[in-house]
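Next comes coords36.pdb, with PDB, C-alpha atoms.
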ATOM      1  CA  MET A  50     140.272 237.348 -49.730
ATOM      2  CA  ILE A  51     136.664 236.118 -50.039
ATOM      3  CA  TRP A  52     136.007 232.390 -49.603
ATOM      4  CA  GLY A  53     132.814 230.461 -50.227
ATOM      5  CA  ALA A  54     131.175 227.813 -48.081
ATOM      6  CA  PRO A  55     133.222 224.903 -49.520
ATOM      7  CA  GLU A  56     136.532 226.558 -48.601
ATOM      8  CA  LEU A  57     135.324 227.481 -45.124
ATOM      9  CA  ILE A  58     134.036 223.956 -44.471
ATOM     10  CA  GLU A  59     137.332 222.490 -45.659
ATOM     11  CA  LEU A  60     139.252 224.859 -43.389
ATOM     12  CA  GLY A  61     137.089 223.809 -40.440
ATOM     13  CA  ILE A  62     137.776 220.114 -41.093
ATOM     14  CA  LEU A  63     141.503 220.785 -41.430
ATOM     15  CA  GLY A  64     141.396 222.737 -38.171
ATOM     16  CA  LEU A  65     139.877 219.751 -36.374
ATOM     17  CA  GLY A  66     142.639 217.508 -37.702
ATOM     18  CA  ALA A  67     145.365 219.996 -36.836
ATOM     19  CA  GLY A  68     144.113 220.361 -33.267
ATOM     20  CA  ALA A  69     144.016 216.595 -32.781
ATOM     21  CA  LEU A  70     147.501 216.208 -34.269
ATOM     22  CA  ASN A  71     148.884 218.906 -31.984
ATOM     23  CA  ALA A  72     147.753 216.913 -28.954
ATOM     24  CA  ALA A  73     150.316 214.213 -29.762
ATOM     25  CA  ALA A  74     153.320 216.534 -30.089
ATOM     26  CA  GLY A  75     152.588 219.037 -32.811
ATOM     27  CA  GLY A  76     152.462 219.063 -36.579
ATOM     28  CA  GLY A  77     149.164 220.894 -37.038
ATOM     29  CA  SER A  78     150.954 223.684 -38.890
ATOM     30  CA  LEU A  79     151.830 221.199 -41.618
ATOM     31  CA  ILE A  80     148.093 220.897 -42.279
ATOM     32  CA  ILE A  81     146.918 224.492 -41.884
ATOM     33  CA  PHE A  82     149.795 226.494 -43.366
ATOM     34  CA  PRO A  83     149.840 224.797 -46.815
ATOM     35  CA  ALA A  84     146.040 224.953 -46.965
ATOM     36  CA  LEU A  85     145.975 228.707 -46.331
ATOM     37  CA  VAL A  86     148.625 229.259 -48.992
ATOM     38  CA  ALA A  87     146.677 227.039 -51.411
ATOM     39  CA  PHE A  88     143.569 229.115 -50.705
ATOM     40  CA  GLY A  89     145.394 232.213 -51.862
ATOM     41  CA  LEU A  90     146.933 233.805 -48.764
ATOM     42  CA  PRO A  91     150.500 235.140 -49.002
ATOM     43  CA  PRO A  92     152.939 232.876 -47.110
ATOM     44  CA  LEU A  93     153.617 235.451 -44.375
ATOM     45  CA  THR A  94     149.899 236.077 -43.774
ATOM     46  CA  ALA A  95     149.264 232.326 -43.779
ATOM     47  CA  ASN A  96     152.042 231.736 -41.247
ATOM     48  CA  LEU A  97     150.862 234.465 -38.867
ATOM     49  CA  SER A  98     147.187 233.514 -39.206
ATOM     50  CA  ASN A  99     148.054 229.860 -38.548
ATOM     51  CA  THR A 100     149.770 230.798 -35.266
ATOM     52  CA  VAL A 101     146.858 232.914 -34.054
ATOM     53  CA  ALA A 102     144.250 230.329 -35.065
ATOM     54  CA  GLN A 103     145.932 227.497 -33.158
ATOM     55  CA  CYS A 104     145.961 229.267 -29.778
ATOM     56  CA  PRO A 105     142.543 227.953 -28.635
ATOM     57  CA  GLY A 106     143.600 224.442 -29.602
ATOM     58  CA  TYR A 107     146.727 224.592 -27.459
ATOM     59  CA  VAL A 108     144.757 225.979 -24.516
ATOM     60  CA  ALA A 109     142.310 223.065 -24.805
ATOM     61  CA  ILE A 110     145.188 220.574 -25.002
ATOM     62  CA  VAL A 111     146.869 221.970 -21.886
ATOM     63  CA  GLN A 112     143.553 221.880 -20.006
ATOM     64  CA  GLY A 113     143.233 218.217 -20.907
ATOM     65  CA  TYR A 114     146.790 217.566 -19.711
ATOM     66  CA  LEU A 115     146.346 219.206 -16.287
ATOM     67  CA  PRO A 116     146.540 215.885 -14.377
ATOM     68  CA  GLU A 117     149.988 215.187 -15.894
ATOM     69  CA  LEU A 118     151.141 218.716 -15.028
ATOM     70  CA  ALA A 119     150.386 218.262 -11.329
ATOM     71  CA  GLY A 120     153.526 218.588  -9.232
ATOM     72  CA  THR A 121     155.592 220.210 -12.002
ATOM     73  CA  ARG A 122     155.101 223.860 -10.979
ATOM     74  CA  ARG A 123     158.775 224.404 -10.173
ATOM     75  CA  ARG A 124     159.878 222.873 -13.470
ATOM     76  CA  ILE A 125     157.418 225.055 -15.377
ATOM     77  CA  LEU A 126     158.526 228.251 -13.656
ATOM     78  CA  GLN A 127     162.164 227.443 -14.398
ATOM     79  CA  LEU A 128     161.515 226.997 -18.119
ATOM     80  CA  ILE A 129     159.021 229.811 -18.757
ATOM     81  CA  PRO A 130     161.725 232.549 -19.010
ATOM     82  CA  ALA A 131     163.700 230.601 -21.619
ATOM     83  CA  SER A 132     160.483 229.910 -23.527
ATOM     84  CA  LEU A 133     159.439 233.573 -23.548
ATOM     85  CA  LEU A 134     162.927 234.739 -24.494
ATOM     86  CA  GLY A 135     163.103 232.245 -27.333
ATOM     87  CA  GLY A 136     159.581 233.042 -28.503
ATOM     88  CA  SER A 137     160.320 236.772 -28.550
ATOM     89  CA  ALA A 138     163.467 236.146 -30.584
ATOM     90  CA  GLY A 139     161.478 234.051 -33.050
ATOM     91  CA  VAL A 140     158.866 236.785 -33.514
ATOM     92  CA  ALA A 141     161.603 239.378 -34.033
ATOM     93  CA  ALA A 142     163.293 237.161 -36.612
ATOM     94  CA  LEU A 143     160.013 236.657 -38.444
ATOM     95  CA  GLU A 144     159.429 240.401 -38.642
ATOM     96  CA  LEU A 145     162.943 240.932 -40.015
ATOM     97  CA  ALA A 146     163.153 238.025 -42.438
ATOM     98  CA  SER A 147     161.055 235.747 -44.611
ATOM     99  CA  PRO A 148     159.870 232.298 -43.523
ATOM    100  CA  ALA A 149     161.675 231.031 -46.631
ATOM    101  CA  THR A 150     164.926 231.620 -44.752
ATOM    102  CA  PHE A 151     164.308 228.461 -42.717
ATOM    103  CA  HIS A 152     163.300 226.229 -45.632
ATOM    104  CA  ASP A 153     166.679 224.535 -45.921
ATOM    105  CA  VAL A 154     167.137 224.154 -42.162
ATOM    106  CA  VAL A 155     163.682 223.038 -41.023
ATOM    107  CA  PRO A 156     163.760 219.475 -42.456
ATOM    108  CA  ALA A 157     167.151 218.846 -40.854
ATOM    109  CA  LEU A 158     165.829 220.083 -37.494
ATOM    110  CA  VAL A 159     162.849 217.729 -37.585
ATOM    111  CA  ILE A 160     165.016 214.774 -38.677
ATOM    112  CA  LEU A 161     167.400 215.542 -35.811
ATOM    113  CA  ALA A 162     164.457 215.721 -33.397
ATOM    114  CA  CYS A 163     163.261 212.273 -34.523
ATOM    115  CA  ALA A 164     166.724 210.805 -34.009
ATOM    116  CA  LEU A 165     167.022 212.376 -30.561
ATOM    117  CA  LEU A 166     163.568 211.144 -29.579
ATOM    118  CA  ALA A 167     164.379 207.601 -30.720
ATOM    119  CA  LEU A 168     167.645 207.587 -28.746
ATOM    120  CA  GLN A 169     166.309 209.669 -25.828
ATOM    121  CA  PRO A 170     166.310 206.979 -23.076
ATOM    122  CA  GLN A 171     169.964 206.074 -23.642
ATOM    123  CA  VAL A 172     171.214 209.641 -24.140
ATOM    124  CA  SER A 173     169.307 211.083 -21.166
ATOM    125  CA  ARG A 174     170.723 208.390 -18.848
ATOM    126  CA  MET A 175     174.229 209.187 -20.067
ATOM    127  CA  LEU A 176     173.775 212.925 -19.489
ATOM    128  CA  SER A 177     172.274 212.458 -16.012
ATOM    129  CA  GLN A 178     175.333 210.526 -14.824
ATOM    130  CA  ARG A 179     177.714 213.484 -15.261
ATOM    131  CA  PRO A 180     178.210 215.239 -11.914
ATOM    132  CA  GLY A 181     179.663 218.585 -10.753
ATOM    133  CA  ARG A 182     180.579 221.218 -13.285
ATOM    134  CA  ALA A 183     179.288 219.094 -16.151
ATOM    135  CA  ALA A 184     175.860 219.103 -14.508
ATOM    136  CA  ARG A 185     175.851 222.910 -14.365
ATOM    137  CA  VAL A 186     176.833 223.101 -18.023
ATOM    138  CA  ARG A 187     174.057 220.619 -18.746
ATOM    139  CA  VAL A 188     171.466 222.866 -17.054
ATOM    140  CA  ALA A 189     172.648 225.894 -19.048
ATOM    141  CA  GLY A 190     172.566 223.848 -22.241
ATOM    142  CA  PHE A 191     169.052 222.667 -21.399
ATOM    143  CA  HIS A 192     167.703 226.206 -21.056
ATOM    144  CA  LEU A 193     169.489 227.319 -24.224
ATOM    145  CA  ALA A 194     168.070 224.376 -26.172
ATOM    146  CA  VAL A 195     164.540 225.152 -24.911
ATOM    147  CA  ALA A 196     164.956 228.806 -25.918
ATOM    148  CA  LEU A 197     166.112 227.843 -29.414
ATOM    149  CA  ALA A 198     163.245 225.389 -29.872
ATOM    150  CA  CYS A 199     160.756 228.041 -28.744
ATOM    151  CA  ALA A 200     162.323 230.579 -31.116
ATOM    152  CA  TYR A 201     161.710 228.134 -33.944
ATOM    153  CA  ALA A 202     158.156 227.539 -32.681
ATOM    154  CA  ALA A 203     157.388 231.269 -32.912
ATOM    155  CA  TYR A 204     159.221 231.714 -36.224
ATOM    156  CA  PHE A 205     157.598 228.932 -38.241
ATOM    157  CA  GLY A 206     156.597 226.140 -35.908
ATOM    158  CA  ALA A 207     156.190 223.117 -38.176
ATOM    159  CA  ALA A 208     156.756 220.116 -35.867
ATOM    160  CA  ALA A 209     158.364 222.376 -33.236
ATOM    161  CA  GLY A 210     156.716 220.295 -30.522
ATOM    162  CA  ILE A 211     158.587 217.201 -31.698
ATOM    163  CA  LEU A 212     161.879 219.075 -31.388
ATOM    164  CA  LEU A 213     160.974 220.414 -27.936
ATOM    165  CA  LEU A 214     159.794 216.994 -26.702
ATOM    166  CA  ALA A 215     163.097 215.489 -27.815
ATOM    167  CA  ILE A 216     164.988 218.180 -25.872
ATOM    168  CA  LEU A 217     162.875 217.672 -22.745
ATOM    169  CA  GLY A 218     163.404 213.927 -22.980
ATOM    170  CA  LEU A 219     167.166 214.357 -23.168
ATOM    171  CA  PHE A 220     167.469 216.570 -20.099
ATOM    172  CA  VAL A 221     164.553 215.511 -17.864
ATOM    173  CA  ILE A 222     163.971 211.959 -16.680
ATOM    174  CA  ASP A 223     160.219 211.517 -16.363
ATOM    175  CA  ASP A 224     157.257 209.733 -17.892
ATOM    176  CA  ILE A 225     156.806 210.717 -21.529
ATOM    177  CA  GLN A 226     153.177 211.718 -20.934
ATOM    178  CA  ARG A 227     154.280 214.235 -18.293
ATOM    179  CA  LEU A 228     157.025 215.496 -20.594
ATOM    180  CA  ASN A 229     154.529 215.877 -23.415
ATOM    181  CA  ALA A 230     152.209 217.805 -21.097
ATOM    182  CA  LEU A 231     155.080 220.185 -20.289
ATOM    183  CA  ASN A 232     155.939 220.329 -23.988
ATOM    184  CA  ARG A 233     152.366 221.322 -24.877
ATOM    185  CA  LEU A 234     152.287 223.963 -22.121
ATOM    186  CA  LEU A 235     155.541 225.626 -23.225
ATOM    187  CA  ILE A 236     154.425 225.611 -26.856
ATOM    188  CA  MET A 237     151.120 227.163 -25.750
ATOM    189  CA  VAL A 238     152.974 229.951 -23.916
ATOM    190  CA  VAL A 239     155.080 230.708 -26.992
ATOM    191  CA  ASN A 240     152.058 230.461 -29.272
ATOM    192  CA  VAL A 241     150.007 232.906 -27.209
ATOM    193  CA  LEU A 242     152.927 235.346 -27.000
ATOM    194  CA  ALA A 243     153.491 235.162 -30.754
ATOM    195  CA  ALA A 244     149.772 235.423 -31.512
ATOM    196  CA  VAL A 245     149.368 238.618 -29.482
ATOM    197  CA  LEU A 246     152.328 240.202 -31.241
ATOM    198  CA  PHE A 247     151.202 238.989 -34.665
ATOM    199  CA  VAL A 248     147.730 240.475 -34.180
ATOM    200  CA  VAL A 249     149.359 243.823 -33.394
ATOM    201  CA  LEU A 250     152.034 243.656 -36.083
ATOM    202  CA  GLY A 251     150.034 241.776 -38.719
ATOM    203  CA  PRO A 252     149.095 240.884 -41.344
ATOM    204  CA  VAL A 253     146.572 238.182 -40.398
ATOM    205  CA  SER A 254     143.437 236.833 -42.072
ATOM    206  CA  TRP A 255     140.516 237.179 -39.670
ATOM    207  CA  PRO A 256     138.085 235.042 -41.745
ATOM    208  CA  ALA A 257     140.560 232.150 -41.609
ATOM    209  CA  ILE A 258     141.115 232.625 -37.881
ATOM    210  CA  ALA A 259     137.375 232.798 -37.210
ATOM    211  CA  VAL A 260     136.894 229.368 -38.788
ATOM    212  CA  LEU A 261     140.083 227.675 -37.626
ATOM    213  CA  ALA A 262     140.235 228.826 -33.988
ATOM    214  CA  PRO A 263     137.125 226.988 -32.729
ATOM    215  CA  ALA A 264     137.947 223.979 -34.906
ATOM    216  CA  THR A 265     141.448 223.601 -33.432
ATOM    217  CA  MET A 266     139.969 223.933 -29.941
ATOM    218  CA  VAL A 267     137.516 221.079 -30.512
ATOM    219  CA  GLY A 268     140.156 218.982 -32.259
ATOM    220  CA  GLY A 269     142.711 219.628 -29.515
ATOM    221  CA  ARG A 270     140.350 218.702 -26.705
ATOM    222  CA  THR A 271     139.278 215.530 -28.473
ATOM    223  CA  GLY A 272     142.837 214.625 -29.410
ATOM    224  CA  VAL A 273     144.287 215.005 -25.921
ATOM    225  CA  SER A 274     141.612 212.750 -24.445
ATOM    226  CA  VAL A 275     142.911 210.012 -26.753
ATOM    227  CA  VAL A 276     146.644 210.776 -26.422
ATOM    228  CA  ARG A 277     146.553 210.723 -22.591
ATOM    229  CA  ARG A 278     145.389 207.104 -22.711
ATOM    230  CA  LEU A 279     148.291 205.892 -24.848
ATOM    231  CA  ALA A 280     151.003 203.743 -23.284
ATOM    232  CA  PRO A 281     154.425 205.435 -23.161
ATOM    233  CA  GLU A 282     155.825 203.243 -25.928
ATOM    234  CA  THR A 283     152.763 203.885 -28.088
ATOM    235  CA  LEU A 284     152.986 207.641 -27.551
ATOM    236  CA  ARG A 285     156.689 207.646 -28.439
ATOM    237  CA  ALA A 286     155.992 205.600 -31.577
ATOM    238  CA  THR A 287     153.115 207.929 -32.511
ATOM    239  CA  VAL A 288     155.281 211.029 -32.131
ATOM    240  CA  LEU A 289     158.063 209.408 -34.150
ATOM    241  CA  LEU A 290     155.578 208.499 -36.874
ATOM    242  CA  ILE A 291     154.375 212.104 -37.004
ATOM    243  CA  GLY A 292     157.982 213.290 -37.048
ATOM    244  CA  VAL A 293     158.954 211.000 -39.913
ATOM    245  CA  GLY A 294     155.905 212.107 -41.885
ATOM    246  CA  ALA A 295     156.700 215.750 -41.178
ATOM    247  CA  SER A 296     160.317 215.221 -42.226
ATOM    248  CA  ALA A 297     159.278 213.615 -45.496
ATOM    249  CA  TYR A 298     156.854 216.440 -46.243
ATOM    250  CA  LEU A 299     159.378 219.170 -45.399
ATOM    251  CA  VAL A 300     162.160 217.521 -47.406
ATOM    252  CA  ALA A 301     159.849 217.173 -50.419
ATOM    253  CA  THR A 302     158.677 220.797 -50.242
ATOM    254  CA  SER A 303     161.944 222.444 -49.223
ATOM    255  CA  TRP A 304     164.817 220.510 -50.768
ATOM    256  CA  PHE A 305     163.326 219.525 -54.124
TER     257      PHE A 305
END
As structure tokens - that is how I would like this structure written.
Amino acid sequence: MIWGAPELIELGILGLGAGALNAAAGGGSLIIFPALVAFGLPPLTANLSNTVAQCPGYVAIVQGYLPELAGTRRRILQLIPASLLGGSAGVAALELASPATFHDVVPALVILACALLALQPQVSRMLSQRPGRAARVRVAGFHLAVALACAYAAYFGAAAGILLLAILGLFVIDDIQRLNALNRLLIMVVNVLAAVLFVVLGPVSWPAIAVLAPATMVGGRTGVSVVRRLAPETLRATVLLIGVGASAYLVATSWF
């Protein structure tokens, strides 16, 4: 696939936007993936190349969120195994099936994530008040939900961060900025794992990655500097707005 300067410039601009969007809670794949397909890449190559290209952006976002991650080392270490297990399962599923398999399910997942995020304060308080055995079941359910969200992130990833943020908000009582920082870190871990495996297993488009990778890094670093300054209510509303937009796009492209 040979692209001219106009296509490469357009990809770079889209990469900047995707990186900035990912800083809020994800959704950059909804910009990059359709563009790569429109530029002539097969859907599988576009999906894998999109994952690899966004790695630098996620690293930049997590670096920007380091202040919010302070004091959460234990929480991170507890969730990393579930994230890696889920991410590995997602990569395996992608190698065995087509991304089209998820087309009917993905919009419903994002809609569910929006509903959970909107109701998160009430639902998380209700779950935290259940003691004893119910609490142990809740912990197991939390890790399973994180693993499933990370499997989806590795498999296709469109708005996976919104789903994961909703799950974190249900099970962990904390400031939404700190939860989003953890969300971005776990998605970065899954993304890096998937990217390494995708580079080995292929196919990926290196010209697309060469343009998009630095663009997502710049966009991510710029985006997180803005997102970190948002009030909790504003951040929640922003994520919900992205989620609703993602839902509308996925419904239009998958169900009709």
ask   = Applied to this file, what does the PyMOL selection byres ((chain A and resi 292) around 12) return in terms of residues, put as number ranges by chain?
value = A: 70-71, 73-77, 79, 155-167, 207-215, 285-291, 293-300
* Which of these, A:Asn229, A:Asn240, A:Thr100, A:Thr94, has the shortest distance to Ser78 of chain A once you count all atoms listed in the file? ->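 Of A:Asn229, A:Asn240, A:Thr100, A:Thr94, the one nearest Ser78 of chain A is A:Thr100, counting all atoms listed in the file.
A straight line drawn from atom CA of Trp255 of chain A to atom CA of Ser137 of chain A is 22.7 Å long.
For the choices A:Ala84, A:Ala67, A:Glu117, A:Ala102, the atom-to-atom distance to Val260 of chain A is smallest for A:Ala102 when using all atoms listed in the file.
Rounded to one decimal, atom CA of Tyr201 of chain A and atom CA of Gly139 of chain A lie 6.0 Å from each other.
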The residue from A:Leu234, A:Thr121, A:Leu228, A:Ser254 with the smallest atom-to-atom distance to Gly89 of chain A, counting only C-alpha atoms, is A:Ser254
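Each of A:Val248, A:Leu168, A:Ala264, A:Val253 was checked against Leu219 of chain A using all atoms listed in the file; the smallest atom-to-atom distance is that of A:Leu168.
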Atom pair atom CA of Ile62 of chain A + atom CA of Thr265 of chain A, distance 9.2 Å
Using all atoms listed in the file, what residues lie at most 10 Å away from (145.5, 236.8, -37.1) (file coordinates), given as a list in words?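 Checked against the point, the hits come out as Thr94, Ala95, Asn96, Leu97, Ser98, Asn99, Thr100, Val101, Ala102, Ala244, Val245, Leu246, Phe247, Val248, Val249, Leu250, Gly251, Pro252, Val253, Ser254, Trp255, Pro256, Ala257, Ile258 and Ala259 of chain A.
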Name all residues at most 9 Å from Phe88 of chain A (count all atoms listed in the file; drop same-chain ones fewer than 3 positions away) and give them as an NGL selection string.
:A and (50 or 52 or 56 or 83-85)
**OP:** Pull out every residue that the PyMOL selection byres ((chain A and resi 266-269) around 8) matches in the shown coordinates and put them as a list in words.
**Re:**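 So the PyMOL selection byres ((chain A and resi 266-269) around 8) ends up selecting Gly64, Leu65, Gly66, Ala67, Gly68, Ala69, Leu70, Asn71, Ala72, Gln103, Pro105, Gly106, Tyr107, Val108, Ala109, Ile110, Ala262, Pro263, Ala264, Thr265, Arg270, Thr271, Gly272 and Val273 of chain A.
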Legend entry - Given the PyMOL selection byres ((chain A and resi 196) around 10), the residues it picks as a list in words: Leu128, Ile129, Pro130, Ala131, Ser132, Leu133, Leu134, Gly135, Gly136, Ser137, Ala138, Gly139, Gly190, Phe191, His192, Leu193, Ala194, Val195, Leu197, Ala198, Cys199, Ala200, Tyr201, Ala202 and Leu213 of chain A
For Val86 of chain A, the closest of A:Leu60, A:Gly218, A:Gly113, A:Arg277 counting only C-alpha atoms is A:Leu60
